[in-house]
There are 2 protein chains.
Amino acid sequence: MTRRHHVDETDLRILKRLQLDARLSNVRLAEDVHLSPSACLERVKTLEKDGLIRRYLADFDLPKICSFVMLMVEVILENHREADFDRFLAAIRKREEVLECLKIGGRIDYLMRVICRDIDHYNELSDFMSRGDLGVEKFHGHVVLATDKAFEGYPLDLLIEPRGQP
Amino acid sequence: MTRRHHVDETDLRILKRLQLDARLSNVRLAEDVHLSPSACLERVKTLEKDGLIRRYLADFDLPKICSFVMLMVEVILENHREADFDRFLAAIRKREEVLECLKIGGRIDYLMRVICRDIDHYNELSDFMSRGDLGVEKFHGHVVLATDKAFEGYPLDLLIEPRGQP
DNA sequence: AATAAACGCCGATGATTATTCGGTAAACGG
DNA sequence: CCGTTTACCGAATAATCATCGGCGTTTATT
């Protein structure tokens, strides 16, 4: 099982705060979670070392930086042996256009988020997907027309708070 | 159009670097992009002010923090008038379980990433989706079994580099 | 119950960093 | 050609980081 690290109330406050602003200075973070800077820093480092905090990343408004086309691509493989999944994933991991790849339960196998410069670029990726050695039976790309709600962090309160009745 | 800010080579280096590690100190960032700390800081602040950098967020290994169920939910609305979209979006924006909502081209209208504590919790959200006043014709949730490739930043080089032939 | 070990915290410290402030040089525009 | 803008640098100060020893509480052990 995962979860060797027990997340207490203070850890949770730290996580929630860093999820809102990862560049917060340790001093202000410490204030917000009611700890001394040294104690706070120690906790953050532990959270990082134990891998609960994986990394800190900058969130871009990509349309302001460059033009692109984003797609959600459903993938169905020809066969479902372990080797078939591995082969597909190994290939997909090398393509930077594939931002993420989710294994899905249901009639499709994978759902991928893909980003390309333009339709020509996607067409090229599309050809790649069709190559026989990938084991893809069929795939279907949905163009993302708009992001009507963007990811802004996990609702930790909602996920954790109601933990059993004492 | 968006893009009033012209992103030059140096800006691009800054963005790429911050995308890898948002908590990088300004001094080290300046070294990496071959600028003085003051010049570098000024550029970063401009990038933030112009909104190219939206925010800095901590990336969690959520399974190490709590248990949950993630789903991708396809949504089809009954009608496609502007008011129908607005009504639906207003409702789902209030639900913290909906991490993001993408407007999709094709036979479905929206694709939502949803996170719940457990199946009971999703069942409850499911009931919410079925309420008549949301205008949802039908929806279909796919459980996310695994994240085989996780988002780790945009491939800026791939998106920007080949900009026209001089 | 007593002791020991471990834990988490605090506050003080020197080292590091952030941020501001002139000042300079190149690019731009009339 | 000259004033304006832009982007940069380097130095100085204010703020922060990050380490350390020490303290009190909890936990485990005997």
# chains A, B, ... in the order shown; residues from 1 in each chain; ligands from 1
>>> interface_residues(of="chain C", to="chain B", cutoff="9 Å", atoms="only C-alpha atoms (C1' of nucleotides)", output="short mmCIF file (atom, residue, chain, number, x, y, z; two decimals) with C-alpha atoms (C1' of nucleotides), in the first residue's frame")
data_model
loop_
_atom_site.label_atom_id
_atom_site.label_comp_id
_atom_site.auth_asym_id
_atom_site.auth_seq_id
_atom_site.Cartn_x
_atom_site.Cartn_y
_atom_site.Cartn_z
"C1'" DT C 17 18.75 35.42 -1.39
"C1'" DA C 18 15.27 39.00 -2.80
"C1'" DT C 19 14.49 43.44 -4.20
#
>>> residues_around(residues="DG30 of chain C", least_positions_apart="6", cutoff="12 Å", atoms="only C-alpha atoms (C1' of nucleotides)", output="PyMOL selection string")
chain D and resi 1-4
>>> residues_around(residues="DT27 of chain D", least_positions_apart="2", cutoff="12 Å", atoms="only C-alpha atoms (C1' of nucleotides)", output="short mmCIF file (atom, residue, chain, number, x, y, z; two decimals) with C-alpha atoms (C1' of nucleotides), in the first residue's frame")
data_model
loop_
_atom_site.label_atom_id
_atom_site.label_comp_id
_atom_site.auth_asym_id
_atom_site.auth_seq_id
_atom_site.Cartn_x
_atom_site.Cartn_y
_atom_site.Cartn_z
"C1'" DA C 4 15.29 6.06 27.70
"C1'" DA C 5 14.61 7.09 23.13
"C1'" DA C 6 12.29 9.62 19.64
"C1'" DC C 7 9.77 13.20 18.07
"C1'" DT D 25 6.04 15.97 25.20
"C1'" DT D 29 10.84 -0.43 26.97
#
>>> atom_distance(atom1="atom CA of Tyr154 of chain B", atom2="atom CA of Glu82 of chain A")
29.1 Å
>>> select_by_dssp(residues="segment 14-142 of chain B", states="alpha helix (DSSP H)", output="PDB file with N, CA and C atoms, in the first residue's frame")
ATOM      1  N   ILE B  14      13.400  31.092 -19.588  1.00  0.00           N
ATOM      2  CA  ILE B  14      12.838  31.275 -18.245  1.00  0.00           C
ATOM      3  C   ILE B  14      11.607  30.385 -18.065  1.00  0.00           C
ATOM      4  N   LEU B  15      10.729  30.412 -19.039  1.00  0.00           N
ATOM      5  CA  LEU B  15       9.501  29.619 -18.938  1.00  0.00           C
ATOM      6  C   LEU B  15       9.820  28.135 -18.828  1.00  0.00           C
ATOM      7  N   LYS B  16      10.719  27.683 -19.660  1.00  0.00           N
ATOM      8  CA  LYS B  16      11.058  26.260 -19.627  1.00  0.00           C
ATOM      9  C   LYS B  16      11.656  25.868 -18.283  1.00  0.00           C
ATOM     10  N   ARG B  17      12.476  26.757 -17.773  1.00  0.00           N
ATOM     11  CA  ARG B  17      13.139  26.461 -16.497  1.00  0.00           C
ATOM     12  C   ARG B  17      12.134  26.440 -15.351  1.00  0.00           C
ATOM     13  N   LEU B  18      11.235  27.404 -15.341  1.00  0.00           N
ATOM     14  CA  LEU B  18      10.245  27.476 -14.262  1.00  0.00           C
ATOM     15  C   LEU B  18       9.222  26.355 -14.382  1.00  0.00           C
ATOM     16  N   GLN B  19       9.047  25.873 -15.584  1.00  0.00           N
ATOM     17  CA  GLN B  19       8.112  24.767 -15.771  1.00  0.00           C
ATOM     18  C   GLN B  19       8.682  23.492 -15.149  1.00  0.00           C
ATOM     19  N   LEU B  20      10.011  23.414 -15.137  1.00  0.00           N
ATOM     20  CA  LEU B  20      10.658  22.254 -14.533  1.00  0.00           C
ATOM     21  C   LEU B  20      10.700  22.369 -13.016  1.00  0.00           C
ATOM     22  N   ASN B  26      15.683  32.901  -7.627  1.00  0.00           N
ATOM     23  CA  ASN B  26      15.898  33.827  -8.731  1.00  0.00           C
ATOM     24  C   ASN B  26      17.368  33.882  -9.149  1.00  0.00           C
ATOM     25  N   VAL B  27      18.253  33.723  -8.175  1.00  0.00           N
ATOM     26  CA  VAL B  27      19.683  33.758  -8.476  1.00  0.00           C
ATOM     27  C   VAL B  27      20.077  32.609  -9.409  1.00  0.00           C
ATOM     28  N   ARG B  28      19.623  31.405  -9.070  1.00  0.00           N
ATOM     29  CA  ARG B  28      20.003  30.270  -9.908  1.00  0.00           C
ATOM     30  C   ARG B  28      19.296  30.312 -11.257  1.00  0.00           C
ATOM     31  N   LEU B  29      18.040  30.780 -11.241  1.00  0.00           N
ATOM     32  CA  LEU B  29      17.335  30.936 -12.510  1.00  0.00           C
ATOM     33  C   LEU B  29      18.103  31.897 -13.411  1.00  0.00           C
ATOM     34  N   ALA B  30      18.570  32.991 -12.820  1.00  0.00           N
ATOM     35  CA  ALA B  30      19.318  33.990 -13.587  1.00  0.00           C
ATOM     36  C   ALA B  30      20.572  33.371 -14.192  1.00  0.00           C
ATOM     37  N   GLU B  31      21.288  32.572 -13.409  1.00  0.00           N
ATOM     38  CA  GLU B  31      22.469  31.888 -13.945  1.00  0.00           C
ATOM     39  C   GLU B  31      22.090  31.022 -15.132  1.00  0.00           C
ATOM     40  N   ASP B  32      21.046  30.224 -14.954  1.00  0.00           N
ATOM     41  CA  ASP B  32      20.665  29.273 -15.996  1.00  0.00           C
ATOM     42  C   ASP B  32      20.296  29.951 -17.305  1.00  0.00           C
ATOM     43  N   VAL B  33      19.719  31.141 -17.218  1.00  0.00           N
ATOM     44  CA  VAL B  33      19.280  31.798 -18.449  1.00  0.00           C
ATOM     45  C   VAL B  33      20.246  32.897 -18.880  1.00  0.00           C
ATOM     46  N   PRO B  37      20.655  38.664 -11.771  1.00  0.00           N
ATOM     47  CA  PRO B  37      19.444  38.446 -10.958  1.00  0.00           C
ATOM     48  C   PRO B  37      18.403  39.535 -11.133  1.00  0.00           C
ATOM     49  N   SER B  38      18.850  40.763 -11.210  1.00  0.00           N
ATOM     50  CA  SER B  38      17.867  41.855 -11.318  1.00  0.00           C
ATOM     51  C   SER B  38      17.127  41.810 -12.646  1.00  0.00           C
ATOM     52  N   ALA B  39      17.871  41.623 -13.713  1.00  0.00           N
ATOM     53  CA  ALA B  39      17.224  41.556 -15.023  1.00  0.00           C
ATOM     54  C   ALA B  39      16.274  40.363 -15.106  1.00  0.00           C
ATOM     55  N   CYS B  40      16.705  39.268 -14.521  1.00  0.00           N
ATOM     56  CA  CYS B  40      15.887  38.066 -14.554  1.00  0.00           C
ATOM     57  C   CYS B  40      14.585  38.255 -13.781  1.00  0.00           C
ATOM     58  N   LEU B  41      14.730  38.846 -12.602  1.00  0.00           N
ATOM     59  CA  LEU B  41      13.544  39.068 -11.778  1.00  0.00           C
ATOM     60  C   LEU B  41      12.532  39.955 -12.493  1.00  0.00           C
ATOM     61  N   GLU B  42      13.065  40.960 -13.178  1.00  0.00           N
ATOM     62  CA  GLU B  42      12.183  41.870 -13.894  1.00  0.00           C
ATOM     63  C   GLU B  42      11.397  41.132 -14.976  1.00  0.00           C
ATOM     64  N   ARG B  43      12.089  40.266 -15.691  1.00  0.00           N
ATOM     65  CA  ARG B  43      11.411  39.503 -16.740  1.00  0.00           C
ATOM     66  C   ARG B  43      10.339  38.582 -16.157  1.00  0.00           C
ATOM     67  N   VAL B  44      10.676  37.920 -15.067  1.00  0.00           N
ATOM     68  CA  VAL B  44       9.708  37.003 -14.462  1.00  0.00           C
ATOM     69  C   VAL B  44       8.460  37.770 -14.048  1.00  0.00           C
ATOM     70  N   LYS B  45       8.681  38.922 -13.429  1.00  0.00           N
ATOM     71  CA  LYS B  45       7.529  39.713 -12.980  1.00  0.00           C
ATOM     72  C   LYS B  45       6.679  40.180 -14.143  1.00  0.00           C
ATOM     73  N   THR B  46       7.340  40.521 -15.236  1.00  0.00           N
ATOM     74  CA  THR B  46       6.590  40.922 -16.428  1.00  0.00           C
ATOM     75  C   THR B  46       5.775  39.735 -16.963  1.00  0.00           C
ATOM     76  N   LEU B  47       6.398  38.581 -16.981  1.00  0.00           N
ATOM     77  CA  LEU B  47       5.683  37.384 -17.448  1.00  0.00           C
ATOM     78  C   LEU B  47       4.464  37.100 -16.569  1.00  0.00           C
ATOM     79  N   GLU B  48       4.621  37.359 -15.278  1.00  0.00           N
ATOM     80  CA  GLU B  48       3.485  37.147 -14.375  1.00  0.00           C
ATOM     81  C   GLU B  48       2.414  38.211 -14.611  1.00  0.00           C
ATOM     82  N   LYS B  49       2.857  39.449 -14.725  1.00  0.00           N
ATOM     83  CA  LYS B  49       1.906  40.546 -14.869  1.00  0.00           C
ATOM     84  C   LYS B  49       1.117  40.424 -16.168  1.00  0.00           C
ATOM     85  N   GLU B  82     -27.010  28.970 -26.263  1.00  0.00           N
ATOM     86  CA  GLU B  82     -26.008  29.577 -25.394  1.00  0.00           C
ATOM     87  C   GLU B  82     -26.406  29.428 -23.927  1.00  0.00           C
ATOM     88  N   ALA B  83     -27.658  29.647 -23.655  1.00  0.00           N
ATOM     89  CA  ALA B  83     -28.131  29.575 -22.272  1.00  0.00           C
ATOM     90  C   ALA B  83     -27.971  28.173 -21.692  1.00  0.00           C
ATOM     91  N   ASP B  84     -28.077  27.170 -22.539  1.00  0.00           N
ATOM     92  CA  ASP B  84     -27.936  25.791 -22.061  1.00  0.00           C
ATOM     93  C   ASP B  84     -26.507  25.522 -21.603  1.00  0.00           C
ATOM     94  N   PHE B  85     -25.558  26.007 -22.389  1.00  0.00           N
ATOM     95  CA  PHE B  85     -24.153  25.842 -21.997  1.00  0.00           C
ATOM     96  C   PHE B  85     -23.876  26.598 -20.699  1.00  0.00           C
ATOM     97  N   ASP B  86     -24.342  27.838 -20.655  1.00  0.00           N
ATOM     98  CA  ASP B  86     -24.085  28.668 -19.479  1.00  0.00           C
ATOM     99  C   ASP B  86     -24.643  28.036 -18.211  1.00  0.00           C
ATOM    100  N   ARG B  87     -25.852  27.531 -18.322  1.00  0.00           N
ATOM    101  CA  ARG B  87     -26.505  26.937 -17.158  1.00  0.00           C
ATOM    102  C   ARG B  87     -25.716  25.733 -16.645  1.00  0.00           C
ATOM    103  N   PHE B  88     -25.292  24.908 -17.586  1.00  0.00           N
ATOM    104  CA  PHE B  88     -24.528  23.730 -17.206  1.00  0.00           C
ATOM    105  C   PHE B  88     -23.196  24.122 -16.555  1.00  0.00           C
ATOM    106  N   LEU B  89     -22.496  25.046 -17.188  1.00  0.00           N
ATOM    107  CA  LEU B  89     -21.175  25.436 -16.673  1.00  0.00           C
ATOM    108  C   LEU B  89     -21.286  26.089 -15.299  1.00  0.00           C
ATOM    109  N   ALA B  90     -22.277  26.919 -15.137  1.00  0.00           N
ATOM    110  CA  ALA B  90     -22.457  27.578 -13.845  1.00  0.00           C
ATOM    111  C   ALA B  90     -22.630  26.540 -12.741  1.00  0.00           C
ATOM    112  N   ALA B  91     -23.360  25.492 -13.055  1.00  0.00           N
ATOM    113  CA  ALA B  91     -23.618  24.459 -12.057  1.00  0.00           C
ATOM    114  C   ALA B  91     -22.358  23.650 -11.734  1.00  0.00           C
ATOM    115  N   ILE B  92     -21.652  23.246 -12.769  1.00  0.00           N
ATOM    116  CA  ILE B  92     -20.506  22.362 -12.488  1.00  0.00           C
ATOM    117  C   ILE B  92     -19.314  23.140 -11.929  1.00  0.00           C
ATOM    118  N   ARG B  93     -19.287  24.443 -12.171  1.00  0.00           N
ATOM    119  CA  ARG B  93     -18.190  25.229 -11.598  1.00  0.00           C
ATOM    120  C   ARG B  93     -18.277  25.256 -10.076  1.00  0.00           C
ATOM    121  N   ILE B 119     -16.840   5.443  -4.639  1.00  0.00           N
ATOM    122  CA  ILE B 119     -17.937   5.266  -5.594  1.00  0.00           C
ATOM    123  C   ILE B 119     -19.239   5.864  -5.065  1.00  0.00           C
ATOM    124  N   ASP B 120     -19.463   5.768  -3.768  1.00  0.00           N
ATOM    125  CA  ASP B 120     -20.665   6.388  -3.197  1.00  0.00           C
ATOM    126  C   ASP B 120     -20.686   7.882  -3.476  1.00  0.00           C
ATOM    127  N   HIS B 121     -19.537   8.476  -3.285  1.00  0.00           N
ATOM    128  CA  HIS B 121     -19.417   9.910  -3.538  1.00  0.00           C
ATOM    129  C   HIS B 121     -19.722  10.213  -5.012  1.00  0.00           C
ATOM    130  N   TYR B 122     -19.204   9.378  -5.909  1.00  0.00           N
ATOM    131  CA  TYR B 122     -19.475   9.591  -7.328  1.00  0.00           C
ATOM    132  C   TYR B 122     -20.947   9.380  -7.637  1.00  0.00           C
ATOM    133  N   ASN B 123     -21.522   8.427  -6.958  1.00  0.00           N
ATOM    134  CA  ASN B 123     -22.952   8.181  -7.162  1.00  0.00           C
ATOM    135  C   ASN B 123     -23.764   9.432  -6.823  1.00  0.00           C
ATOM    136  N   GLU B 124     -23.333  10.084  -5.779  1.00  0.00           N
ATOM    137  CA  GLU B 124     -24.002  11.323  -5.368  1.00  0.00           C
ATOM    138  C   GLU B 124     -23.843  12.412  -6.432  1.00  0.00           C
ATOM    139  N   LEU B 125     -22.617  12.552  -6.936  1.00  0.00           N
ATOM    140  CA  LEU B 125     -22.371  13.517  -8.008  1.00  0.00           C
ATOM    141  C   LEU B 125     -23.185  13.148  -9.243  1.00  0.00           C
ATOM    142  N   SER B 126     -23.279  11.873  -9.466  1.00  0.00           N
ATOM    143  CA  SER B 126     -24.033  11.354 -10.586  1.00  0.00           C
ATOM    144  C   SER B 126     -25.498  11.786 -10.500  1.00  0.00           C
ATOM    145  N   ASP B 127     -26.064  11.684  -9.298  1.00  0.00           N
ATOM    146  CA  ASP B 127     -27.442  12.140  -9.090  1.00  0.00           C
ATOM    147  C   ASP B 127     -27.573  13.624  -9.409  1.00  0.00           C
ATOM    148  N   PHE B 128     -26.568  14.371  -8.995  1.00  0.00           N
ATOM    149  CA  PHE B 128     -26.572  15.810  -9.269  1.00  0.00           C
ATOM    150  C   PHE B 128     -26.618  16.073 -10.769  1.00  0.00           C
ATOM    151  N   MET B 129     -25.840  15.319 -11.496  1.00  0.00           N
ATOM    152  CA  MET B 129     -25.783  15.495 -12.950  1.00  0.00           C
ATOM    153  C   MET B 129     -27.125  15.184 -13.594  1.00  0.00           C
ATOM    154  N   SER B 130     -27.861  14.293 -12.986  1.00  0.00           N
ATOM    155  CA  SER B 130     -29.124  13.856 -13.574  1.00  0.00           C
ATOM    156  C   SER B 130     -30.276  14.811 -13.314  1.00  0.00           C
TER     157      SER B 130
END
